[in-house]
$ cat my_file-v2.txt   # compact mmCIF, C-alpha atoms
# COMPACT_ATOMS: atom_id res chain seq x y z
CA MET A 1 0.00 0.00 0.00
CA ARG A 2 2.83 2.40 0.84
CA THR A 3 4.25 2.03 -2.67
CA VAL A 4 1.07 3.02 -4.47
CA LEU A 5 0.44 5.91 -2.03
CA ARG A 6 3.74 7.46 -3.14
CA HIS A 7 1.99 8.41 -6.39
CA ARG A 8 0.71 11.95 -5.91
CA ASP A 9 -2.45 11.64 -8.00
CA PHE A 10 -3.50 8.33 -6.46
CA ARG A 11 -2.83 9.77 -2.99
CA LEU A 12 -5.24 12.63 -3.76
CA LEU A 13 -7.84 10.17 -5.05
CA PHE A 14 -7.37 7.99 -1.97
CA THR A 15 -7.92 10.96 0.36
CA ALA A 16 -10.93 12.08 -1.68
CA LEU A 17 -12.46 8.63 -1.36
CA VAL A 18 -11.97 8.75 2.42
CA ALA A 19 -13.96 12.01 2.56
CA SER A 20 -16.64 10.78 0.15
CA ARG A 21 -17.00 7.33 1.72
CA ALA A 22 -17.17 8.76 5.25
CA ALA A 23 -19.93 11.16 4.18
CA GLU A 24 -21.82 8.28 2.54
CA LEU A 25 -21.56 5.88 5.47
CA MET A 26 -22.51 8.46 8.08
CA LEU A 27 -25.87 8.82 6.36
CA LEU A 28 -26.50 5.11 5.77
CA LEU A 29 -27.90 4.25 9.21
CA ALA A 30 -28.81 7.77 10.30
CA LEU A 31 -31.46 8.24 7.60
CA ALA A 32 -33.30 5.11 8.75
CA ILE A 33 -33.09 6.23 12.38
CA TRP A 34 -34.39 9.66 11.37
CA VAL A 35 -37.44 8.10 9.67
CA LYS A 36 -38.00 5.88 12.70
CA ASP A 37 -38.01 8.93 14.97
CA LEU A 38 -40.41 10.80 12.70
CA THR A 39 -42.88 7.94 12.17
CA ASP A 40 -42.28 5.44 14.99
CA SER A 41 -42.55 2.76 12.29
CA ASP A 42 -40.01 -0.05 11.78
CA ALA A 43 -41.41 -0.75 8.31
CA LEU A 44 -40.99 2.84 7.15
CA ALA A 45 -37.49 2.93 8.59
CA GLY A 46 -36.62 -0.25 6.70
CA ALA A 47 -38.03 1.27 3.52
CA THR A 48 -35.29 3.89 3.78
CA LEU A 49 -32.64 1.21 3.25
CA PHE A 50 -34.61 -0.08 0.26
CA ALA A 51 -34.66 3.46 -1.19
CA ILE A 52 -30.87 3.49 -0.90
CA ILE A 53 -30.45 0.13 -2.63
CA ALA A 54 -33.14 0.40 -5.34
CA PRO A 55 -31.27 2.84 -7.68
CA LYS A 56 -28.81 0.06 -8.56
CA VAL A 57 -31.28 -1.04 -11.23
CA LEU A 58 -30.34 2.15 -13.14
CA ALA A 59 -26.64 1.29 -13.12
CA PRO A 60 -26.44 0.41 -16.86
CA LEU A 61 -27.79 3.85 -17.77
CA VAL A 62 -25.33 5.46 -15.36
CA GLY A 63 -22.43 3.53 -16.91
CA TRP A 64 -23.41 4.68 -20.40
CA VAL A 65 -23.36 8.31 -19.26
CA VAL A 66 -20.01 7.88 -17.44
CA ASP A 67 -18.31 6.47 -20.56
CA ARG A 68 -19.23 9.56 -22.58
CA TYR A 69 -17.04 11.85 -20.44
CA ARG A 70 -13.57 11.94 -18.93
CA ARG A 71 -13.59 10.17 -15.54
CA ARG A 72 -11.78 12.74 -13.38
CA PRO A 73 -14.12 15.70 -14.05
CA PHE A 74 -17.08 13.33 -13.93
CA PHE A 75 -15.99 12.01 -10.52
CA LEU A 76 -15.63 15.63 -9.34
CA VAL A 77 -19.10 16.64 -10.56
CA ALA A 78 -20.70 13.48 -9.13
CA ASN A 79 -19.47 14.38 -5.65
CA LEU A 80 -20.75 17.95 -5.99
CA VAL A 81 -24.12 16.57 -7.11
CA ALA A 82 -24.11 14.24 -4.09
CA ALA A 83 -23.65 17.27 -1.85
CA GLY A 84 -26.43 19.12 -3.66
CA VAL A 85 -29.05 16.37 -3.40
CA LEU A 86 -28.68 16.36 0.39
CA THR A 87 -29.93 19.95 0.74
CA PRO A 88 -33.67 18.98 1.00
CA LEU A 89 -32.83 17.24 4.28
CA LEU A 90 -32.41 20.69 5.81
CA ALA A 91 -36.17 21.18 5.35
CA VAL A 92 -37.26 17.97 7.13
CA ARG A 93 -39.20 18.80 10.28
CA ASP A 94 -41.96 16.23 10.95
CA ARG A 95 -43.74 13.10 9.71
CA THR A 96 -45.15 14.87 6.65
CA ASP A 97 -41.60 15.44 5.38
CA VAL A 98 -40.60 11.76 5.37
CA TRP A 99 -41.02 11.60 1.60
CA LEU A 100 -38.12 14.05 1.33
CA VAL A 101 -35.87 11.59 3.15
CA TYR A 102 -36.84 8.82 0.71
CA VAL A 103 -36.21 11.01 -2.34
CA VAL A 104 -32.85 12.17 -1.01
CA ALA A 105 -31.85 8.59 -0.09
CA ALA A 106 -32.55 7.40 -3.64
CA LEU A 107 -30.85 10.35 -5.36
CA TYR A 108 -27.79 10.23 -3.15
CA SER A 109 -27.52 6.48 -3.71
CA LEU A 110 -27.71 7.02 -7.47
CA SER A 111 -24.88 9.53 -7.20
CA GLN A 112 -22.78 6.92 -5.40
CA VAL A 113 -23.43 4.40 -8.20
CA THR A 114 -22.12 7.10 -10.54
CA VAL A 115 -19.02 7.68 -8.40
CA GLY A 116 -18.29 3.94 -8.35
CA ALA A 117 -18.52 3.60 -12.14
CA ALA A 118 -16.26 6.62 -12.67
CA LEU A 119 -13.78 5.45 -10.02
CA ASN A 120 -13.20 2.04 -11.60
CA GLY A 121 -12.28 3.73 -14.85
CA LEU A 122 -10.14 6.41 -13.21
CA ILE A 123 -7.85 4.12 -11.21
CA PRO A 124 -6.02 2.57 -14.22
CA THR A 125 -5.14 6.06 -15.52
CA LEU A 126 -3.43 7.03 -12.25
CA VAL A 127 -1.18 4.04 -11.44
CA PRO A 128 1.01 1.64 -13.44
CA ALA A 129 -0.52 -1.74 -14.31
CA GLY A 130 1.83 -3.46 -11.83
CA LEU A 131 0.33 -1.47 -8.96
CA LEU A 132 -3.31 -1.91 -9.94
CA ALA A 133 -3.86 -4.64 -7.32
CA ASP A 134 -2.27 -2.43 -4.62
CA ALA A 135 -4.47 0.50 -5.61
CA ASN A 136 -7.68 -1.54 -5.49
CA GLY A 137 -6.58 -3.14 -2.22
CA ALA A 138 -5.83 0.24 -0.65
CA LEU A 139 -9.24 1.61 -1.62
CA GLN A 140 -11.00 -1.48 -0.28
CA THR A 141 -9.04 -1.21 2.98
CA VAL A 142 -10.24 2.33 3.57
CA ARG A 143 -13.80 1.35 2.58
CA GLN A 144 -13.83 -1.48 5.09
CA GLY A 145 -12.14 0.61 7.77
CA LEU A 146 -14.77 3.31 7.45
CA ARG A 147 -17.48 0.66 7.80
CA LEU A 148 -16.24 0.29 11.39
CA VAL A 149 -16.90 3.88 12.38
CA GLY A 150 -19.00 5.55 9.68
CA PRO A 151 -22.53 4.29 10.43
CA LEU A 152 -22.04 4.41 14.21
CA ALA A 153 -20.52 7.90 14.01
CA GLY A 154 -23.42 9.06 11.84
CA ALA A 155 -25.98 7.61 14.26
CA ALA A 156 -24.18 9.22 17.21
CA LEU A 157 -24.01 12.60 15.45
CA TYR A 158 -27.69 12.40 14.54
CA THR A 159 -28.59 11.68 18.16
CA ALA A 160 -26.36 14.48 19.44
CA VAL A 161 -26.98 17.30 16.97
CA GLY A 162 -29.93 16.31 14.77
CA GLY A 163 -30.38 15.43 11.13
CA TRP A 164 -29.83 18.86 9.62
CA LEU A 165 -26.31 19.23 11.02
CA LEU A 166 -25.40 15.65 10.07
CA ALA A 167 -26.57 16.39 6.52
CA SER A 168 -24.41 19.53 6.49
CA ILE A 169 -21.34 17.56 7.61
CA SER A 170 -21.93 14.93 4.90
CA MET A 171 -22.34 17.66 2.29
CA ALA A 172 -18.99 19.09 3.36
CA GLY A 173 -17.39 15.65 2.96
CA PHE A 174 -18.56 15.37 -0.65
CA VAL A 175 -17.37 18.90 -1.43
CA VAL A 176 -13.92 18.13 0.02
CA ALA A 177 -13.76 14.99 -2.13
CA ALA A 178 -14.58 17.04 -5.24
CA LEU A 179 -11.91 19.64 -4.43
CA LEU A 180 -9.24 16.98 -3.93
CA VAL A 181 -10.06 15.23 -7.21
CA GLY A 182 -9.85 18.63 -8.89
CA LEU A 183 -6.12 18.64 -8.03
CA VAL A 184 -5.51 15.31 -9.78
CA ARG A 185 -3.52 15.55 -13.04
CA ALA A 186 -4.84 12.50 -14.89
CA PRO A 187 -3.86 12.35 -18.61
CA GLU A 188 -7.25 11.29 -19.93
CA PRO A 189 -8.12 11.52 -23.62
CA VAL A 190 -11.52 12.84 -24.58
CA PRO A 191 -13.81 9.82 -25.22
CA LEU A 192 -14.79 9.24 -28.84
CA THR A 193 -18.39 9.95 -29.81
CA PRO A 194 -20.20 6.59 -30.09
CA ALA A 195 -21.00 5.46 -33.63
CA LEU A 196 -23.84 3.17 -32.54
CA ARG A 197 -27.36 4.11 -31.57
CA TRP A 198 -27.79 5.00 -27.90
CA SER A 199 -29.80 1.83 -27.24
CA ALA A 200 -26.98 -0.33 -28.61
CA GLU A 201 -24.41 1.63 -26.61
CA LEU A 202 -26.50 1.21 -23.47
CA GLY A 203 -26.35 -2.58 -23.71
CA SER A 204 -22.70 -2.81 -24.78
CA GLY A 205 -21.48 -3.29 -21.20
CA LEU A 206 -23.75 -6.28 -20.69
CA ARG A 207 -22.76 -7.73 -24.08
CA HIS A 208 -19.07 -7.42 -23.16
CA LEU A 209 -19.72 -9.28 -19.89
CA CYS A 210 -21.45 -12.08 -21.79
CA ARG A 211 -18.73 -12.40 -24.44
CA GLN A 212 -15.79 -12.61 -22.04
CA PRO A 213 -15.75 -16.15 -20.53
CA ALA A 214 -13.88 -15.17 -17.36
CA LEU A 215 -16.11 -12.16 -16.74
CA ARG A 216 -19.25 -14.14 -17.51
CA ARG A 217 -18.36 -16.89 -15.03
CA ALA A 218 -17.27 -14.37 -12.42
CA VAL A 219 -20.48 -12.35 -12.61
CA LEU A 220 -22.66 -15.47 -12.56
CA GLY A 221 -20.76 -16.95 -9.61
CA TYR A 222 -20.51 -13.70 -7.69
CA GLY A 223 -24.13 -12.87 -8.47
CA LEU A 224 -25.34 -16.24 -7.21
CA GLY A 225 -23.20 -15.91 -4.09
CA SER A 226 -24.42 -12.36 -3.49
CA LEU A 227 -28.04 -13.48 -3.71
CA VAL A 228 -27.68 -15.64 -0.63
CA MET A 229 -25.21 -13.21 0.98
CA GLY A 230 -28.20 -10.88 1.11
CA PHE A 231 -29.81 -13.37 3.47
CA THR A 232 -27.20 -12.65 6.13
CA GLU A 233 -28.40 -9.03 6.44
CA SER A 234 -31.57 -10.43 8.00
CA LEU A 235 -30.22 -13.67 9.49
CA ILE A 236 -27.77 -11.88 11.76
CA PHE A 237 -30.66 -10.57 13.86
CA ALA A 238 -32.07 -14.09 14.28
CA TYR A 239 -28.57 -15.33 15.16
CA VAL A 240 -28.26 -12.72 17.93
CA ASP A 241 -31.82 -13.15 19.24
CA GLN A 242 -32.51 -16.88 18.90
CA GLY A 243 -28.95 -18.18 18.97
CA LEU A 244 -26.95 -15.97 21.32
CA ARG A 245 -29.98 -14.85 23.37
CA ARG A 246 -28.87 -11.23 23.34
CA ASP A 247 -30.53 -7.90 22.59
CA ALA A 248 -30.66 -6.60 19.02
CA ALA A 249 -28.15 -3.87 19.94
CA PHE A 250 -25.48 -6.58 20.12
CA VAL A 251 -25.59 -6.69 16.31
CA SER A 252 -23.45 -3.53 16.33
CA VAL A 253 -20.70 -5.45 18.13
CA LEU A 254 -20.77 -8.18 15.49
CA VAL A 255 -20.70 -5.59 12.69
CA THR A 256 -17.60 -4.08 14.30
CA VAL A 257 -15.90 -7.49 14.41
CA GLN A 258 -16.75 -8.03 10.76
CA GLY A 259 -15.36 -4.60 9.93
CA ILE A 260 -12.03 -5.49 11.55
CA GLY A 261 -11.91 -8.56 9.32
CA GLY A 262 -12.66 -6.31 6.36
CA VAL A 263 -9.61 -4.15 7.06
CA VAL A 264 -7.42 -7.26 7.24
CA GLY A 265 -8.88 -8.58 3.97
CA GLY A 266 -8.26 -5.25 2.26
CA LEU A 267 -4.61 -5.23 3.36
CA LEU A 268 -4.10 -8.80 2.13
CA SER A 269 -6.02 -8.54 -1.15
CA ALA A 270 -3.18 -7.27 -3.35
CA GLY A 271 -0.96 -10.17 -2.31
CA VAL A 272 -3.75 -12.67 -2.92
CA VAL A 273 -4.32 -11.28 -6.44
CA ARG A 274 -0.62 -11.68 -7.25
CA ARG A 275 -0.64 -15.26 -5.98
CA VAL A 276 -3.89 -16.67 -7.43
CA GLY A 277 -5.09 -14.05 -9.94
CA GLU A 278 -8.30 -12.05 -10.16
CA VAL A 279 -10.72 -14.98 -10.57
CA GLY A 280 -8.89 -16.94 -7.88
CA THR A 281 -9.17 -14.01 -5.47
CA LEU A 282 -12.89 -13.67 -6.17
CA ALA A 283 -13.42 -17.42 -5.70
CA THR A 284 -11.37 -17.39 -2.48
CA GLY A 285 -13.47 -14.58 -1.06
CA ILE A 286 -16.77 -16.27 -1.88
CA GLY A 287 -15.54 -19.63 -0.58
CA LEU A 288 -14.32 -18.15 2.71
CA PHE A 289 -17.60 -16.32 3.15
CA GLY A 290 -19.59 -19.51 2.64
CA ALA A 291 -17.45 -21.64 4.96
CA ALA A 292 -17.55 -19.05 7.73
CA THR A 293 -21.31 -18.59 7.34
CA VAL A 294 -21.88 -22.29 7.99
CA ALA A 295 -20.12 -21.81 11.33
CA LEU A 296 -22.74 -19.23 12.30
CA GLY A 297 -25.30 -22.03 12.35
CA TYR A 298 -23.86 -23.03 15.73
CA PRO A 299 -24.64 -20.32 18.32
CA ASP A 300 -21.32 -19.92 20.12
CA LEU A 301 -19.96 -16.42 20.68
CA ARG A 302 -16.28 -17.28 20.23
CA LEU A 303 -17.02 -19.22 17.06
CA GLY A 304 -19.26 -16.38 15.90
CA PHE A 305 -16.50 -13.80 16.36
CA ALA A 306 -14.08 -15.98 14.37
CA ALA A 307 -16.65 -16.56 11.61
CA LEU A 308 -17.46 -12.86 11.29
CA LEU A 309 -13.78 -11.96 11.12
CA VAL A 310 -13.48 -14.36 8.18
CA THR A 311 -16.63 -13.10 6.43
CA GLY A 312 -15.34 -9.55 6.89
CA ALA A 313 -12.00 -10.48 5.30
CA ALA A 314 -13.79 -12.29 2.47
CA LEU A 315 -15.78 -9.24 1.32
CA PRO A 316 -12.84 -7.08 0.13
CA LEU A 317 -11.29 -10.13 -1.54
CA THR A 318 -14.42 -10.58 -3.66
CA MET A 319 -14.65 -6.87 -4.43
CA VAL A 320 -10.97 -6.46 -5.34
CA GLY A 321 -11.04 -9.63 -7.44
CA MET A 322 -14.14 -8.46 -9.32
CA SER A 323 -12.88 -4.89 -9.81
CA MET A 324 -9.49 -6.10 -11.04
CA LEU A 325 -11.06 -8.58 -13.45
CA VAL A 326 -13.26 -5.87 -14.95
CA GLN A 327 -10.33 -3.45 -15.25
CA VAL A 328 -7.94 -5.89 -16.98
CA SER A 329 -10.60 -7.47 -19.24
CA THR A 330 -12.34 -4.32 -20.48
CA PRO A 331 -11.32 -1.56 -22.92
CA SER A 332 -11.13 1.86 -21.31
CA ASN A 333 -14.07 3.23 -23.32
CA LEU A 334 -16.35 0.49 -21.89
CA LEU A 335 -15.22 0.49 -18.26
CA GLY A 336 -18.10 2.60 -16.96
CA ARG A 337 -20.77 0.48 -18.63
CA VAL A 338 -19.18 -2.85 -17.72
CA THR A 339 -18.65 -1.79 -14.10
CA ALA A 340 -22.23 -0.56 -13.86
CA ALA A 341 -23.63 -3.68 -15.54
CA ALA A 342 -21.73 -5.94 -13.14
CA ASP A 343 -22.89 -3.89 -10.14
CA SER A 344 -26.48 -4.05 -11.36
CA LEU A 345 -26.44 -7.80 -12.00
CA VAL A 346 -24.96 -8.44 -8.56
CA GLY A 347 -26.46 -5.68 -6.42
CA ALA A 348 -30.07 -5.40 -7.56
CA PRO A 349 -31.02 -9.07 -6.93
CA GLN A 350 -29.17 -8.92 -3.62
CA ALA A 351 -31.43 -6.06 -2.54
CA VAL A 352 -34.48 -8.20 -3.24
CA LEU A 353 -33.01 -11.14 -1.32
CA ILE A 354 -32.53 -8.97 1.78
CA GLY A 355 -36.30 -8.69 1.93
CA VAL A 356 -36.79 -12.37 1.08
CA GLY A 357 -34.38 -13.29 3.87
CA ALA A 358 -36.44 -11.26 6.32
CA LEU A 359 -39.51 -13.30 5.31
CA LEU A 360 -37.78 -16.70 5.32
CA VAL A 361 -36.26 -16.23 8.76
CA GLY A 362 -39.78 -16.03 10.12
CA VAL A 363 -40.64 -19.40 8.56
CA LEU A 364 -37.44 -21.47 8.54
CA ASP A 365 -34.78 -22.12 11.16
CA TYR A 366 -31.99 -19.54 10.76
CA ARG A 367 -29.40 -22.33 11.08
CA LEU A 368 -30.79 -24.04 7.99
CA LEU A 369 -30.57 -20.76 6.06
CA PHE A 370 -26.94 -20.22 7.10
CA LEU A 371 -26.21 -23.74 5.82
CA LEU A 372 -27.89 -22.85 2.52
CA VAL A 373 -25.65 -19.81 2.17
CA GLY A 374 -22.59 -22.00 2.73
CA VAL A 375 -23.65 -24.53 0.10
CA VAL A 376 -24.49 -21.99 -2.59
CA THR A 377 -21.27 -19.95 -2.12
CA ARG A 378 -18.91 -22.84 -2.86
CA PRO A 379 -15.93 -21.61 -4.94
CA SER A 380 -16.61 -24.26 -7.59
CA ARG A 381 -19.34 -21.95 -8.86
CA LEU A 382 -16.61 -19.88 -10.58
CA ASP A 383 -14.81 -22.79 -12.25
$ encode --input "my_file-v2.txt" --output "structure tokens"
Amino acid sequence: MRTVLRHRDFRLLFTALVASRAAELMLLLALAIWVKDLTDSDALAGATLFAIIAPKVLAPLVGWVVDRYRRRPFFLVANLVAAGVLTPLLAVRDRTDVWLVYVVAALYSLSQVTVGAALNGLIPTLVPAGLLADANGALQTVRQGLRLVGPLAGAALYTAVGGWLLASISMAGFVVAALLVGLVRAPEPVPLTPALRWSAELGSGLRHLCRQPALRRAVLGYGLGSLVMGFTESLIFAYVDQGLRRDAAFVSVLVTVQGIGGVVGGLLSAGVVRRVGEVGTLATGIGLFGAATVALGYPDLRLGFAALLVTGAALPLTMVGMSMLVQVSTPSNLLGRVTAAADSLVGAPQAVLIGVGALLVGVLDYRLLFLLVGVVTRPSRLD
């Protein structure tokens, strides 16, 4: 990581991502808590998280737009837009304003899909090919590290100072990210005007995924694994309640343990890519996640801590492996669309399965569902 951070432009991008990611994560939990306070409804609070996830279905359209412009200025503008769409939160006062929270949650989430598509195309222009794994690993490390403190810090700030000030702080984070990216000197050529009709251009990312055997297998395997990974978002509450016999608040402790594993996985990911390659890293991450999830079927706190450390480490391995595979298998002019198509194919069904998991855990034994996750996420799915 230290080697890639010696590059001035990547160091600026890295710092910008810290500011942007912190602003994003501070809002993630706080918006749901805000709706809960306004409405006293668990269902309406949960709908906030759905509003954040739902815009992933528009990812192919976002990728098409990203590929029509240079990535650095696009990344800059996307962060400024993210700051702008938060301004309606300053007008939220009571239950009748909840719709504003939903609209802002969806728009801000869409801006983050845009940032992700632009980022994946920007990284290869800033660092040599030999440091691409280090760059992706460094960014995943900071993402996972911020997962430890971002949501809890946002919830604490909301409780202490209210939603309007939290929104202002997040807006400042996005503006700082934009300013830092503005200092990057990335030698990007102006993208060529597409010769195909817009409808054909829109689907070109998906067609590229289907035509590349390694990408096709990776997306199918990762997508299938992510479907059942979505179960764990709901199963963890049953594990704490029915298995460990603890209050729901104990989930935050488990999330912290998983976040520590995520930092470790991010630090190790570059080395794993060099040893087993991009597909091997992705398969390793999915396999570790599945094996560790099976262990959660037995309600023992020490075993649970160990399993969550492993699942936390597995997540950045899958993300780095997938990002690297897209970057090395895709022409620069298609990176936005391919990244967005992959995110949509993986993320949108996962959002649905979070809700399905919440329904199934009320019908089936949570231990059986953890076992199902372990079976479906076998690494052989990527062979």
$ residues_around --input "my_file-v2.txt" --residues "Val253 (chain A)" --least-positions-apart "5" --cutoff "10 Å" --atoms "all atoms listed in the file" --output "list in words"
Leu148, Gln258, Gly259 and Phe305 of chain A
$ closest_atom_pairs --input "my_file-v2.txt" --of "region 317-353 of chain A" --to "region 263-267 of chain A" --cutoff "10 Å" --atoms "only C-alpha atoms" --output "Markdown table"
| residue | atom | partner | partner_atom | distance |
| --- | --- | --- | --- | --- |
| A:Leu317 | CA | A:Gly265 | CA | 6.2 |
| A:Thr318 | CA | A:Gly265 | CA | 9.6 |
| A:Met319 | CA | A:Gly266 | CA | 9.4 |
| A:Val320 | CA | A:Gly266 | CA | 8.2 |
$ closest_residue --input "my_file-v2.txt" --among "A:Ala307, A:Leu100, A:Leu122, A:Ile33" --to "Gly336 (chain A)" --atoms "all atoms listed in the file"
A:Leu122
$ residues_around --input "my_file-v2.txt" --residues "Ala91 (chain A)" --least-positions-apart "6" --cutoff "12 Å" --atoms "only C-alpha atoms" --output "PyMOL selection string"
chain A and resi 97-101+104+163-165+167-168
$ residues_near_point --input "my_file-v2.txt" --point "(-10.4, 0.1, 6.7)" --cutoff "12 Å" --atoms "all atoms listed in the file" --output "compact mmCIF listing (two decimals) with C-alpha atoms, in the frame of the given file"
# COMPACT_ATOMS: atom_id res chain seq x y z
CA LEU A 17 -12.46 8.63 -1.36
CA VAL A 18 -11.97 8.75 2.42
CA ARG A 21 -17.00 7.33 1.72
CA ALA A 22 -17.17 8.76 5.25
CA GLY A 137 -6.58 -3.14 -2.22
CA ALA A 138 -5.83 0.24 -0.65
CA LEU A 139 -9.24 1.61 -1.62
CA GLN A 140 -11.00 -1.48 -0.28
CA THR A 141 -9.04 -1.21 2.98
CA VAL A 142 -10.24 2.33 3.57
CA ARG A 143 -13.80 1.35 2.58
CA GLN A 144 -13.83 -1.48 5.09
CA GLY A 145 -12.14 0.61 7.77
CA LEU A 146 -14.77 3.31 7.45
CA ARG A 147 -17.48 0.66 7.80
CA LEU A 148 -16.24 0.29 11.39
CA VAL A 149 -16.90 3.88 12.38
CA GLY A 150 -19.00 5.55 9.68
CA THR A 256 -17.60 -4.08 14.30
CA GLN A 258 -16.75 -8.03 10.76
CA GLY A 259 -15.36 -4.60 9.93
CA ILE A 260 -12.03 -5.49 11.55
CA GLY A 261 -11.91 -8.56 9.32
CA GLY A 262 -12.66 -6.31 6.36
CA VAL A 263 -9.61 -4.15 7.06
CA VAL A 264 -7.42 -7.26 7.24
CA GLY A 265 -8.88 -8.58 3.97
CA GLY A 266 -8.26 -5.25 2.26
CA LEU A 267 -4.61 -5.23 3.36
CA LEU A 268 -4.10 -8.80 2.13
CA GLY A 312 -15.34 -9.55 6.89
CA ALA A 313 -12.00 -10.48 5.30
CA PRO A 316 -12.84 -7.08 0.13
$ closest_residue --input "my_file-v2.txt" --among "A:Val326, A:Leu126, A:Val255, A:Leu244" --to "Leu12 (chain A)" --atoms "all atoms listed in the file"
A:Leu126
$ residues_around --input "my_file-v2.txt" --residues "Pro55 (chain A)" --least-positions-apart "5" --cutoff "12 Å" --atoms "all atoms listed in the file" --output "ChimeraX atom specification"
/A:49-50,60-62,102-114,340,343-344,347-349,351
$ atom_distance --input "my_file-v2.txt" --atom1 "CA of Gly182 (chain A)" --atom2 "CA of Phe74 (chain A)"
10.3 Å
$ closest_residue --input "my_file-v2.txt" --among "A:Leu25, A:Ala283, A:Leu166, A:Ile236" --to "Leu296 (chain A)" --atoms "all atoms listed in the file"
A:Ile236
$ closest_residue --input "my_file-v2.txt" --among "A:Val346, A:Leu44, A:Ala19, A:Leu38" --to "Ala178 (chain A)" --atoms "only C-alpha atoms"
A:Ala19
$ closest_residue --input "my_file-v2.txt" --among "A:Gly154, A:Leu334, A:Thr48, A:Val81" --to "Leu209 (chain A)" --atoms "only C-alpha atoms"
A:Leu334
$ atom_distance --input "my_file-v2.txt" --atom1 "CA of Val272 (chain A)" --atom2 "CA of Tyr222 (chain A)"
17.5 Å
$ atom_distance --input "my_file-v2.txt" --atom1 "CA of Gln327 (chain A)" --atom2 "CA of Ala78 (chain A)"
20.8 Å
$ closest_residue --input "my_file-v2.txt" --among "A:Asp40, A:Ile169, A:Ala342, A:Trp64" --to "Glu24 (chain A)" --atoms "all atoms listed in the file"
A:Ile169
